[in-house]
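**Q** Structure supplied as data_29.pdb; contents: PDB, N, CA, C and O atoms and all ligand atoms.
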ATOM      1  N   MET N   1      36.250  54.892  43.619
ATOM      2  CA  MET N   1      36.414  56.009  42.672
ATOM      3  C   MET N   1      35.951  55.603  41.275
ATOM      4  O   MET N   1      35.435  56.405  40.522
ATOM      5  N   ASN N   2      36.173  54.325  40.949
ATOM      6  CA  ASN N   2      35.745  53.856  39.626
ATOM      7  C   ASN N   2      34.242  54.001  39.460
ATOM      8  O   ASN N   2      33.763  54.322  38.379
ATOM      9  N   LYS N   3      33.507  53.757  40.533
ATOM     10  CA  LYS N   3      32.047  53.880  40.485
ATOM     11  C   LYS N   3      31.643  55.313  40.145
ATOM     12  O   LYS N   3      30.699  55.530  39.395
ATOM     13  N   PHE N   4      32.387  56.270  40.726
ATOM     14  CA  PHE N   4      32.085  57.684  40.467
ATOM     15  C   PHE N   4      32.195  57.992  38.982
ATOM     16  O   PHE N   4      31.306  58.609  38.390
ATOM     17  N   PHE N   5      33.300  57.535  38.383
ATOM     18  CA  PHE N   5      33.495  57.801  36.955
ATOM     19  C   PHE N   5      32.463  57.064  36.111
ATOM     20  O   PHE N   5      32.012  57.552  35.075
ATOM     21  N   PHE N   6      32.083  55.866  36.605
ATOM     22  CA  PHE N   6      31.066  55.099  35.879
ATOM     23  C   PHE N   6      29.750  55.877  35.837
ATOM     24  O   PHE N   6      29.129  56.038  34.777
ATOM     25  N   TRP N   7      29.347  56.414  36.985
ATOM     26  CA  TRP N   7      28.085  57.171  37.035
ATOM     27  C   TRP N   7      28.184  58.483  36.263
ATOM     28  O   TRP N   7      27.222  58.907  35.612
ATOM     29  N   LEU N   8      29.381  59.111  36.352
ATOM     30  CA  LEU N   8      29.587  60.353  35.597
ATOM     31  C   LEU N   8      29.418  60.094  34.107
ATOM     32  O   LEU N   8      28.723  60.830  33.404
ATOM     33  N   GLY N   9      30.046  58.982  33.643
ATOM     34  CA  GLY N   9      29.931  58.623  32.236
ATOM     35  C   GLY N   9      28.507  58.273  31.870
ATOM     36  O   GLY N   9      28.008  58.664  30.805
ATOM     37  N   ALA N  10      27.817  57.581  32.755
ATOM     38  CA  ALA N  10      26.438  57.180  32.500
ATOM     39  C   ALA N  10      25.548  58.412  32.371
ATOM     40  O   ALA N  10      24.711  58.508  31.459
ATOM     41  N   PHE N  11      25.749  59.381  33.266
ATOM     42  CA  PHE N  11      24.937  60.606  33.213
ATOM     43  C   PHE N  11      25.252  61.412  31.955
ATOM     44  O   PHE N  11      24.341  61.952  31.304
ATOM     45  N   ALA N  12      26.532  61.479  31.614
ATOM     46  CA  ALA N  12      26.932  62.220  30.414
ATOM     47  C   ALA N  12      26.316  61.592  29.175
ATOM     48  O   ALA N  12      25.797  62.292  28.299
ATOM     49  N   LEU N  13      26.349  60.251  29.127
ATOM     50  CA  LEU N  13      25.777  59.533  27.998
ATOM     51  C   LEU N  13      24.272  59.789  27.921
ATOM     52  O   LEU N  13      23.731  60.072  26.844
ATOM     53  N   ALA N  14      23.596  59.709  29.065
ATOM     54  CA  ALA N  14      22.151  59.944  29.104
ATOM     55  C   ALA N  14      21.827  61.364  28.639
ATOM     56  O   ALA N  14      20.874  61.586  27.891
ATOM     57  N   TRP N  15      22.664  62.326  29.065
ATOM     58  CA  TRP N  15      22.443  63.728  28.690
ATOM     59  C   TRP N  15      22.603  63.912  27.190
ATOM     60  O   TRP N  15      21.819  64.604  26.536
ATOM     61  N   ILE N  16      23.659  63.252  26.629
ATOM     62  CA  ILE N  16      23.912  63.364  25.181
ATOM     63  C   ILE N  16      22.745  62.767  24.407
ATOM     64  O   ILE N  16      22.239  63.355  23.444
ATOM     65  N   ILE N  17      22.267  61.590  24.844
ATOM     66  CA  ILE N  17      21.132  60.930  24.166
ATOM     67  C   ILE N  17      19.901  61.823  24.236
ATOM     68  O   ILE N  17      19.166  61.991  23.257
ATOM     69  N   TRP N  18      19.693  62.429  25.405
ATOM     70  CA  TRP N  18      18.533  63.314  25.591
ATOM     71  C   TRP N  18      18.600  64.513  24.643
ATOM     72  O   TRP N  18      17.624  64.893  23.998
ATOM     73  N   LYS N  19      19.820  65.086  24.538
ATOM     74  CA  LYS N  19      20.011  66.249  23.659
ATOM     75  C   LYS N  19      19.762  65.879  22.206
ATOM     76  O   LYS N  19      19.127  66.617  21.449
ATOM     77  N   ILE N  20      20.292  64.702  21.789
ATOM     78  CA  ILE N  20      20.127  64.265  20.396
ATOM     79  C   ILE N  20      18.647  64.018  20.100
ATOM     80  O   ILE N  20      18.123  64.433  19.066
ATOM     81  N   SER N  21      17.946  63.363  21.049
ATOM     82  CA  SER N  21      16.525  63.076  20.832
ATOM     83  C   SER N  21      15.728  64.372  20.742
ATOM     84  O   SER N  21      14.790  64.489  19.960
ATOM     85  N   GLN N  22      16.126  65.376  21.532
ATOM     86  CA  GLN N  22      15.464  66.689  21.450
ATOM     87  C   GLN N  22      15.667  67.313  20.084
ATOM     88  O   GLN N  22      14.748  67.873  19.505
ATOM     89  N   ARG N  23      16.913  67.181  19.570
ATOM     90  CA  ARG N  23      17.229  67.777  18.274
ATOM     91  C   ARG N  23      16.399  67.100  17.179
ATOM     92  O   ARG N  23      15.887  67.746  16.280
ATOM     93  N   PHE N  24      16.251  65.768  17.290
ATOM     94  CA  PHE N  24      15.461  65.045  16.292
ATOM     95  C   PHE N  24      13.996  65.460  16.367
ATOM     96  O   PHE N  24      13.318  65.582  15.358
ATOM     97  N   GLN N  25      13.509  65.677  17.574
ATOM     98  CA  GLN N  25      12.123  66.111  17.735
ATOM     99  C   GLN N  25      11.917  67.483  17.093
ATOM    100  O   GLN N  25      10.904  67.728  16.457
ATOM    101  N   ASN N  26      12.903  68.365  17.251
ATOM    102  CA  ASN N  26      12.812  69.703  16.652
ATOM    103  C   ASN N  26      12.773  69.608  15.132
ATOM    104  O   ASN N  26      12.050  70.333  14.477
ATOM    105  N   VAL N  27      13.579  68.674  14.588
ATOM    106  CA  VAL N  27      13.623  68.496  13.134
ATOM    107  C   VAL N  27      12.262  68.022  12.641
ATOM    108  O   VAL N  27      11.777  68.447  11.610
ATOM    109  N   ARG N  28      11.655  67.107  13.419
ATOM    110  CA  ARG N  28      10.333  66.598  13.021
ATOM    111  C   ARG N  28       9.272  67.689  13.129
ATOM    112  O   ARG N  28       8.326  67.705  12.373
ATOM    113  N   ARG N  29       9.448  68.559  14.123
ATOM    114  CA  ARG N  29       8.424  69.593  14.349
ATOM    115  C   ARG N  29       8.440  70.661  13.259
ATOM    116  O   ARG N  29       7.417  71.219  12.932
ATOM    117  N   THR N  30       9.631  70.927  12.700
ATOM    118  CA  THR N  30       9.770  72.035  11.752
ATOM    119  C   THR N  30       8.854  71.887  10.531
ATOM    120  O   THR N  30       8.134  72.826  10.217
ATOM    121  N   PRO N  31       8.839  70.718   9.855
ATOM    122  CA  PRO N  31       7.944  70.638   8.683
ATOM    123  C   PRO N  31       6.477  70.773   9.056
ATOM    124  O   PRO N  31       5.696  71.286   8.266
ATOM    125  N   ARG N  32       6.121  70.319  10.266
ATOM    126  CA  ARG N  32       4.730  70.445  10.703
ATOM    127  C   ARG N  32       4.334  71.916  10.817
ATOM    128  O   ARG N  32       3.277  72.306  10.356
ATOM    129  N   SER N  33       5.221  72.700  11.452
ATOM    130  CA  SER N  33       4.904  74.117  11.648
ATOM    131  C   SER N  33       4.856  74.839  10.302
ATOM    132  O   SER N  33       4.085  75.768  10.114
ATOM    133  N   GLU N  34       5.691  74.378   9.343
ATOM    134  CA  GLU N  34       5.649  74.979   8.015
ATOM    135  C   GLU N  34       4.331  74.663   7.327
ATOM    136  O   GLU N  34       3.772  75.490   6.632
ATOM    137  N   LYS N  35       3.862  73.426   7.545
ATOM    138  CA  LYS N  35       2.586  73.024   6.944
ATOM    139  C   LYS N  35       1.443  73.869   7.492
ATOM    140  O   LYS N  35       0.610  74.355   6.748
ATOM    141  N   SER N  36       1.427  74.005   8.834
ATOM    142  CA  SER N  36       0.353  74.791   9.441
ATOM    143  C   SER N  36       0.484  76.259   9.047
ATOM    144  O   SER N  36      -0.508  76.973   8.971
ATOM    145  N   GLY N  37       1.733  76.699   8.783
ATOM    146  CA  GLY N  37       1.928  78.086   8.367
ATOM    147  C   GLY N  37       1.416  78.330   6.961
ATOM    148  O   GLY N  37       1.085  79.455   6.611
ATOM    149  N   ALA N  38       1.310  77.246   6.157
ATOM    150  CA  ALA N  38       0.800  77.389   4.799
ATOM    151  C   ALA N  38      -0.665  77.807   4.828
ATOM    152  O   ALA N  38      -1.115  78.555   3.973
ATOM    153  N   ASP N  39      -1.390  77.295   5.836
ATOM    154  CA  ASP N  39      -2.776  77.725   5.998
ATOM    155  C   ASP N  39      -2.767  79.103   6.645
ATOM    156  O   ASP N  39      -2.605  79.225   7.845
ATOM    157  N   LYS N  40      -2.929  80.112   5.825
ATOM    158  CA  LYS N  40      -2.838  81.474   6.336
ATOM    159  C   LYS N  40      -3.979  81.744   7.311
ATOM    160  O   LYS N  40      -5.124  81.367   7.036
ATOM    161  N   PRO N  41      -3.662  82.390   8.422
ATOM    162  CA  PRO N  41      -4.735  82.749   9.354
ATOM    163  C   PRO N  41      -5.702  83.725   8.703
ATOM    164  O   PRO N  41      -5.314  84.796   8.258
ATOM    165  N   VAL N  42      -6.951  83.309   8.620
ATOM    166  CA  VAL N  42      -7.953  84.132   7.934
ATOM    167  C   VAL N  42      -8.453  85.207   8.893
ATOM    168  O   VAL N  42      -8.797  84.925  10.035
ATOM    169  N   ALA N  43      -8.481  86.424   8.407
ATOM    170  CA  ALA N  43      -8.935  87.545   9.222
ATOM    171  C   ALA N  43     -10.439  87.449   9.444
ATOM    172  O   ALA N  43     -11.196  87.109   8.530
ATOM    173  N   MET N  44     -10.865  87.721  10.677
ATOM    174  CA  MET N  44     -12.283  87.724  10.990
ATOM    175  C   MET N  44     -12.821  89.142  10.814
ATOM    176  O   MET N  44     -12.250  90.101  11.330
ATOM    177  N   ILE N  45     -13.876  89.256  10.055
ATOM    178  CA  ILE N  45     -14.478  90.578   9.855
ATOM    179  C   ILE N  45     -15.931  90.545  10.320
ATOM    180  O   ILE N  45     -16.549  89.491  10.388
ATOM    181  N   ARG N  46     -16.437  91.726  10.600
ATOM    182  CA  ARG N  46     -17.785  91.839  11.162
ATOM    183  C   ARG N  46     -18.775  92.213  10.070
ATOM    184  O   ARG N  46     -18.538  93.125   9.280
ATOM    185  N   CYS N  47     -19.881  91.498  10.056
ATOM    186  CA  CYS N  47     -20.916  91.783   9.066
ATOM    187  C   CYS N  47     -21.632  93.074   9.465
ATOM    188  O   CYS N  47     -22.087  93.200  10.600
ATOM    189  N   PRO N  48     -21.739  94.043   8.557
ATOM    190  CA  PRO N  48     -22.380  95.318   8.897
ATOM    191  C   PRO N  48     -23.897  95.190   9.068
ATOM    192  O   PRO N  48     -24.537  96.100   9.586
ATOM    193  N   VAL N  49     -24.480  94.080   8.629
ATOM    194  CA  VAL N  49     -25.935  93.912   8.705
ATOM    195  C   VAL N  49     -26.329  93.191   9.995
ATOM    196  O   VAL N  49     -27.068  93.729  10.823
ATOM    197  N   CYS N  50     -25.842  91.960  10.186
ATOM    198  CA  CYS N  50     -26.253  91.175  11.349
ATOM    199  C   CYS N  50     -25.263  91.296  12.495
ATOM    200  O   CYS N  50     -25.571  90.910  13.622
ATOM    201  N   GLY N  51     -24.065  91.826  12.238
ATOM    202  CA  GLY N  51     -23.103  92.057  13.308
ATOM    203  C   GLY N  51     -22.331  90.825  13.727
ATOM    204  O   GLY N  51     -21.591  90.868  14.704
ATOM    205  N   SER N  52     -22.481  89.718  12.998
ATOM    206  CA  SER N  52     -21.760  88.500  13.365
ATOM    207  C   SER N  52     -20.375  88.498  12.721
ATOM    208  O   SER N  52     -20.182  89.101  11.660
ATOM    209  N   HIS N  53     -19.450  87.822  13.395
ATOM    210  CA  HIS N  53     -18.092  87.737  12.882
ATOM    211  C   HIS N  53     -17.945  86.491  12.014
ATOM    212  O   HIS N  53     -18.470  85.450  12.346
ATOM    213  N   PHE N  54     -17.210  86.629  10.923
ATOM    214  CA  PHE N  54     -17.029  85.511  10.008
ATOM    215  C   PHE N  54     -15.683  85.640   9.309
ATOM    216  O   PHE N  54     -15.144  86.742   9.195
ATOM    217  N   PRO N  55     -15.108  84.511   8.824
ATOM    218  CA  PRO N  55     -13.816  84.573   8.129
ATOM    219  C   PRO N  55     -13.923  85.328   6.807
ATOM    220  O   PRO N  55     -14.921  85.210   6.083
ATOM    221  N   GLU N  56     -12.861  86.088   6.517
ATOM    222  CA  GLU N  56     -12.882  86.987   5.365
ATOM    223  C   GLU N  56     -13.037  86.231   4.045
ATOM    224  O   GLU N  56     -13.633  86.742   3.099
ATOM    225  N   ASP N  57     -12.487  84.990   3.984
ATOM    226  CA  ASP N  57     -12.559  84.261   2.703
ATOM    227  C   ASP N  57     -13.970  83.760   2.398
ATOM    228  O   ASP N  57     -14.229  83.278   1.301
ATOM    229  N   GLU N  58     -14.880  83.835   3.383
ATOM    230  CA  GLU N  58     -16.270  83.432   3.140
ATOM    231  C   GLU N  58     -17.162  84.643   2.894
ATOM    232  O   GLU N  58     -18.390  84.514   2.817
ATOM    233  N   ALA N  59     -16.542  85.800   2.780
ATOM    234  CA  ALA N  59     -17.321  87.031   2.660
ATOM    235  C   ALA N  59     -18.023  87.117   1.310
ATOM    236  O   ALA N  59     -17.516  86.651   0.290
ATOM    237  N   VAL N  60     -19.203  87.700   1.330
ATOM    238  CA  VAL N  60     -19.946  88.000   0.096
ATOM    239  C   VAL N  60     -19.722  89.477  -0.203
ATOM    240  O   VAL N  60     -20.089  90.344   0.594
ATOM    241  N   MET N  61     -19.091  89.730  -1.338
ATOM    242  CA  MET N  61     -18.707  91.104  -1.653
ATOM    243  C   MET N  61     -19.856  91.861  -2.306
ATOM    244  O   MET N  61     -20.619  91.312  -3.103
ATOM    245  N   SER N  62     -19.944  93.137  -1.924
ATOM    246  CA  SER N  62     -20.872  94.042  -2.600
ATOM    247  C   SER N  62     -20.184  95.390  -2.675
ATOM    248  O   SER N  62     -20.226  96.170  -1.727
ATOM    249  N   GLY N  63     -19.514  95.646  -3.797
ATOM    250  CA  GLY N  63     -18.707  96.850  -3.927
ATOM    251  C   GLY N  63     -17.521  96.783  -2.991
ATOM    252  O   GLY N  63     -16.722  95.860  -3.071
ATOM    253  N   GLN N  64     -17.425  97.746  -2.068
ATOM    254  CA  GLN N  64     -16.330  97.761  -1.099
ATOM    255  C   GLN N  64     -16.692  97.019   0.177
ATOM    256  O   GLN N  64     -15.837  96.716   0.976
ATOM    257  N   LYS N  65     -17.970  96.736   0.373
ATOM    258  CA  LYS N  65     -18.429  96.143   1.628
ATOM    259  C   LYS N  65     -18.466  94.633   1.544
ATOM    260  O   LYS N  65     -18.678  94.060   0.475
ATOM    261  N   LYS N  66     -18.263  94.004   2.723
ATOM    262  CA  LYS N  66     -18.257  92.543   2.799
ATOM    263  C   LYS N  66     -19.332  92.101   3.773
ATOM    264  O   LYS N  66     -19.431  92.641   4.881
ATOM    265  N   TYR N  67     -20.109  91.105   3.359
ATOM    266  CA  TYR N  67     -21.194  90.593   4.196
ATOM    267  C   TYR N  67     -20.987  89.110   4.444
ATOM    268  O   TYR N  67     -20.327  88.425   3.668
ATOM    269  N   CYS N  68     -21.626  88.614   5.530
ATOM    270  CA  CYS N  68     -21.413  87.225   5.926
ATOM    271  C   CYS N  68     -22.145  86.275   4.987
ATOM    272  O   CYS N  68     -21.741  85.139   4.816
ATOM    273  N   SER N  69     -23.243  86.725   4.389
ATOM    274  CA  SER N  69     -24.019  85.830   3.529
ATOM    275  C   SER N  69     -24.763  86.634   2.467
ATOM    276  O   SER N  69     -24.848  87.866   2.541
ATOM    277  N   GLU N  70     -25.294  85.892   1.512
ATOM    278  CA  GLU N  70     -26.082  86.514   0.444
ATOM    279  C   GLU N  70     -27.286  87.244   1.023
ATOM    280  O   GLU N  70     -27.684  88.314   0.550
ATOM    281  N   ARG N  71     -27.872  86.641   2.078
ATOM    282  CA  ARG N  71     -29.068  87.228   2.701
ATOM    283  C   ARG N  71     -28.761  88.625   3.260
ATOM    284  O   ARG N  71     -29.538  89.564   3.060
ATOM    285  N   CYS N  72     -27.612  88.746   3.917
ATOM    286  CA  CYS N  72     -27.247  90.034   4.507
ATOM    287  C   CYS N  72     -26.958  91.067   3.423
ATOM    288  O   CYS N  72     -27.247  92.246   3.581
ATOM    289  N   ARG N  73     -26.406  90.602   2.308
ATOM    290  CA  ARG N  73     -26.094  91.531   1.223
ATOM    291  C   ARG N  73     -27.395  92.094   0.622
ATOM    292  O   ARG N  73     -27.506  93.298   0.392
ATOM    293  N   THR N  74     -28.359  91.207   0.384
ATOM    294  CA  THR N  74     -29.637  91.667  -0.179
ATOM    295  C   THR N  74     -30.354  92.562   0.819
ATOM    296  O   THR N  74     -30.999  93.543   0.428
ATOM    297  N   GLN N  75     -30.221  92.231   2.114
ATOM    298  CA  GLN N  75     -30.856  93.054   3.150
ATOM    299  C   GLN N  75     -30.232  94.448   3.169
ATOM    300  O   GLN N  75     -30.928  95.450   3.319
ATOM    301  N   ALA N  76     -28.923  94.525   2.979
ATOM    302  CA  ALA N  76     -28.236  95.812   2.947
ATOM    303  C   ALA N  76     -28.691  96.620   1.743
ATOM    304  O   ALA N  76     -28.872  97.839   1.833
ATOM    305  N   ARG N  77     -28.911  95.959   0.627
ATOM    306  CA  ARG N  77     -29.384  96.641  -0.590
ATOM    307  C   ARG N  77     -30.802  97.180  -0.363
ATOM    308  O   ARG N  77     -31.122  98.282  -0.794
ATOM    309  N   LYS N  78     -31.627  96.340   0.289
ATOM    310  CA  LYS N  78     -33.008  96.754   0.562
ATOM    311  C   LYS N  78     -33.039  97.992   1.439
ATOM    312  O   LYS N  78     -33.760  98.955   1.169
ATOM    313  N   SER N  79     -32.235  97.962   2.511
ATOM    314  CA  SER N  79     -32.235  99.081   3.460
ATOM    315  C   SER N  79     -31.680 100.348   2.800
ATOM    316  O   SER N  79     -32.031 101.456   3.152
ATOM    317  N   ARG N  80     -30.785 100.151   1.816
ATOM    318  CA  ARG N  80     -30.219 101.298   1.115
ATOM    319  C   ARG N  80     -31.261 101.928   0.190
ATOM    320  O   ARG N  80     -31.338 103.143   0.073
ATOM    321  N   SER N  81     -32.060 101.080  -0.465
ATOM    322  CA  SER N  81     -33.052 101.583  -1.426
ATOM    323  C   SER N  81     -34.214 102.281  -0.723
ATOM    324  O   SER N  81     -34.940 103.022  -1.359
ATOM    325  N   ARG N  82     -34.366 102.009   0.587
ATOM    326  CA  ARG N  82     -35.486 102.589   1.301
ATOM    327  C   ARG N  82     -35.366 104.114   1.411
ATOM    328  O   ARG N  82     -34.276 104.619   1.639
TER     329      ARG N  82
HETATM  330 ZN    ZN K 101     -24.555  89.116   8.228
END
Will you turn the file into structure tokens for me?
Ligand SMILES: [Zn+2]
**A**
Amino acid sequence: MNKFFFWLGAFALAWIIWKISQRFQNVRRTPRSEKSGADKPVAMIRCPVCGSHFPEDEAVMSGQKKYCSERCRTQARKSRSR
């Protein structure tokens, strides 16, 4: 019977250690996720000229419209003046 209690205690101890280690891992993970959350997910928008998708923070503005590059913006101006 003593062996039974020994194994019960051993399993309980192992379970407690496992739970504590999990909690520590969660604590370590939290600042990482906050760091990655600081980098805001940039919205992908479609260039009206070439049709390619690009991140919004790299957009070249022309009035209300956003283009993927300077080349597309000038091309849009050219096509408008035609
Ligand atoms: Zn473009």
**Q** Can you list every residue of chain N that has an atom at most 6 Å from ligand ZN 101 (chain K), with its nearest atom pair and the distance in Å to one decimal, using all atoms listed in the file, ordered by chain then number, as JSON lines?
**A**
{"residue": "N:Cys47", "atom": "CA", "partner": "K:ZN101", "partner_atom": "ZN", "distance": 4.6}
{"residue": "N:Pro48", "atom": "N", "partner": "K:ZN101", "partner_atom": "ZN", "distance": 5.7}
{"residue": "N:Val49", "atom": "C", "partner": "K:ZN101", "partner_atom": "ZN", "distance": 4.8}
{"residue": "N:Cys50", "atom": "N", "partner": "K:ZN101", "partner_atom": "ZN", "distance": 3.7}
{"residue": "N:Gly51", "atom": "N", "partner": "K:ZN101", "partner_atom": "ZN", "distance": 4.9}
{"residue": "N:Ser52", "atom": "N", "partner": "K:ZN101", "partner_atom": "ZN", "distance": 5.2}
{"residue": "N:Tyr67", "atom": "C", "partner": "K:ZN101", "partner_atom": "ZN", "distance": 5.2}
{"residue": "N:Cys68", "atom": "N", "partner": "K:ZN101", "partner_atom": "ZN", "distance": 4.0}
{"residue": "N:Ser69", "atom": "N", "partner": "K:ZN101", "partner_atom": "ZN", "distance": 4.7}
{"residue": "N:Cys72", "atom": "CA", "partner": "K:ZN101", "partner_atom": "ZN", "distance": 4.7}
**Q** On this structure, which residues satisfy the PyMOL selection byres (((chain N and resi 44) around 6) and not hetatm), written as a PyMOL selection string?
**A** chain N and resi 42-43+45-46+53-56
**Q** State, in Å with one decimal place, the distance from CA of Gln25 (chain N) to CA of Leu8 (chain N).
**A**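 A separation of 25.6 Å between them.
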**Q** CA of Ile20 (chain N) and CA of Met1 (chain N) are how many Å apart?
**A**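 Distance reported for this atom pair: 28.8 Å.
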**Q** How many Å separate CA of Arg80 (chain N) from CA of Lys66 (chain N)?
**A**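 Computed distance, CA of Arg80 (chain N) to CA of Lys66 (chain N), equals 14.9 Å.
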**Q** Using only C-alpha atoms, which of the listed residues (N:Ile16, N:Val27, N:Ala76, N:Ala10) sits closest to Gly63 (chain N)?
**A** N:Ala76
**Q** With a distance cut-off of 9 Å and only C-alpha atoms, select the neighbouring residues of Glu70 (chain N), excluding the residue or stretch itself and same-chain residues fewer than 4 positions from it, and output the selection as a PyMOL selection string.
**A** chain N and resi 60-61+74-75
**Q** From a backbone DSSP assignment, name each residue in chain N labelled strand (DSSP E), as a list of chain:residue names.
**A**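 Residues meeting the strand (DSSP E) criterion: N:Met44, N:Ile45, N:Arg46, N:His53, N:Phe54, N:Pro55, N:Val60, N:Met61, N:Ser62, N:Lys65, N:Lys66, N:Tyr67.
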**Q** Write out the residues from the selection above, keeping N, CA, C and O atoms, as a compact mmCIF listing (two decimals), in the coordinates of the input.
**A**
# COMPACT_ATOMS: atom_id res chain seq x y z
N MET N 44 -10.86 87.72 10.68
CA MET N 44 -12.28 87.72 10.99
C MET N 44 -12.82 89.14 10.81
O MET N 44 -12.25 90.10 11.33
N ILE N 45 -13.88 89.26 10.06
CA ILE N 45 -14.48 90.58 9.86
C ILE N 45 -15.93 90.54 10.32
O ILE N 45 -16.55 89.49 10.39
N ARG N 46 -16.44 91.73 10.60
CA ARG N 46 -17.78 91.84 11.16
C ARG N 46 -18.77 92.21 10.07
O ARG N 46 -18.54 93.12 9.28
N HIS N 53 -19.45 87.82 13.40
CA HIS N 53 -18.09 87.74 12.88
C HIS N 53 -17.94 86.49 12.01
O HIS N 53 -18.47 85.45 12.35
N PHE N 54 -17.21 86.63 10.92
CA PHE N 54 -17.03 85.51 10.01
C PHE N 54 -15.68 85.64 9.31
O PHE N 54 -15.14 86.74 9.20
N PRO N 55 -15.11 84.51 8.82
CA PRO N 55 -13.82 84.57 8.13
C PRO N 55 -13.92 85.33 6.81
O PRO N 55 -14.92 85.21 6.08
N VAL N 60 -19.20 87.70 1.33
CA VAL N 60 -19.95 88.00 0.10
C VAL N 60 -19.72 89.48 -0.20
O VAL N 60 -20.09 90.34 0.59
N MET N 61 -19.09 89.73 -1.34
CA MET N 61 -18.71 91.10 -1.65
C MET N 61 -19.86 91.86 -2.31
O MET N 61 -20.62 91.31 -3.10
N SER N 62 -19.94 93.14 -1.92
CA SER N 62 -20.87 94.04 -2.60
C SER N 62 -20.18 95.39 -2.68
O SER N 62 -20.23 96.17 -1.73
N LYS N 65 -17.97 96.74 0.37
CA LYS N 65 -18.43 96.14 1.63
C LYS N 65 -18.47 94.63 1.54
O LYS N 65 -18.68 94.06 0.48
N LYS N 66 -18.26 94.00 2.72
CA LYS N 66 -18.26 92.54 2.80
C LYS N 66 -19.33 92.10 3.77
O LYS N 66 -19.43 92.64 4.88
N TYR N 67 -20.11 91.10 3.36
CA TYR N 67 -21.19 90.59 4.20
C TYR N 67 -20.99 89.11 4.44
O TYR N 67 -20.33 88.42 3.67
**Q** Would you return as a count of residues only the members of chain N that DSSP assigns to helix (DSSP H, G or I) on this structure's backbone?
**A** 52
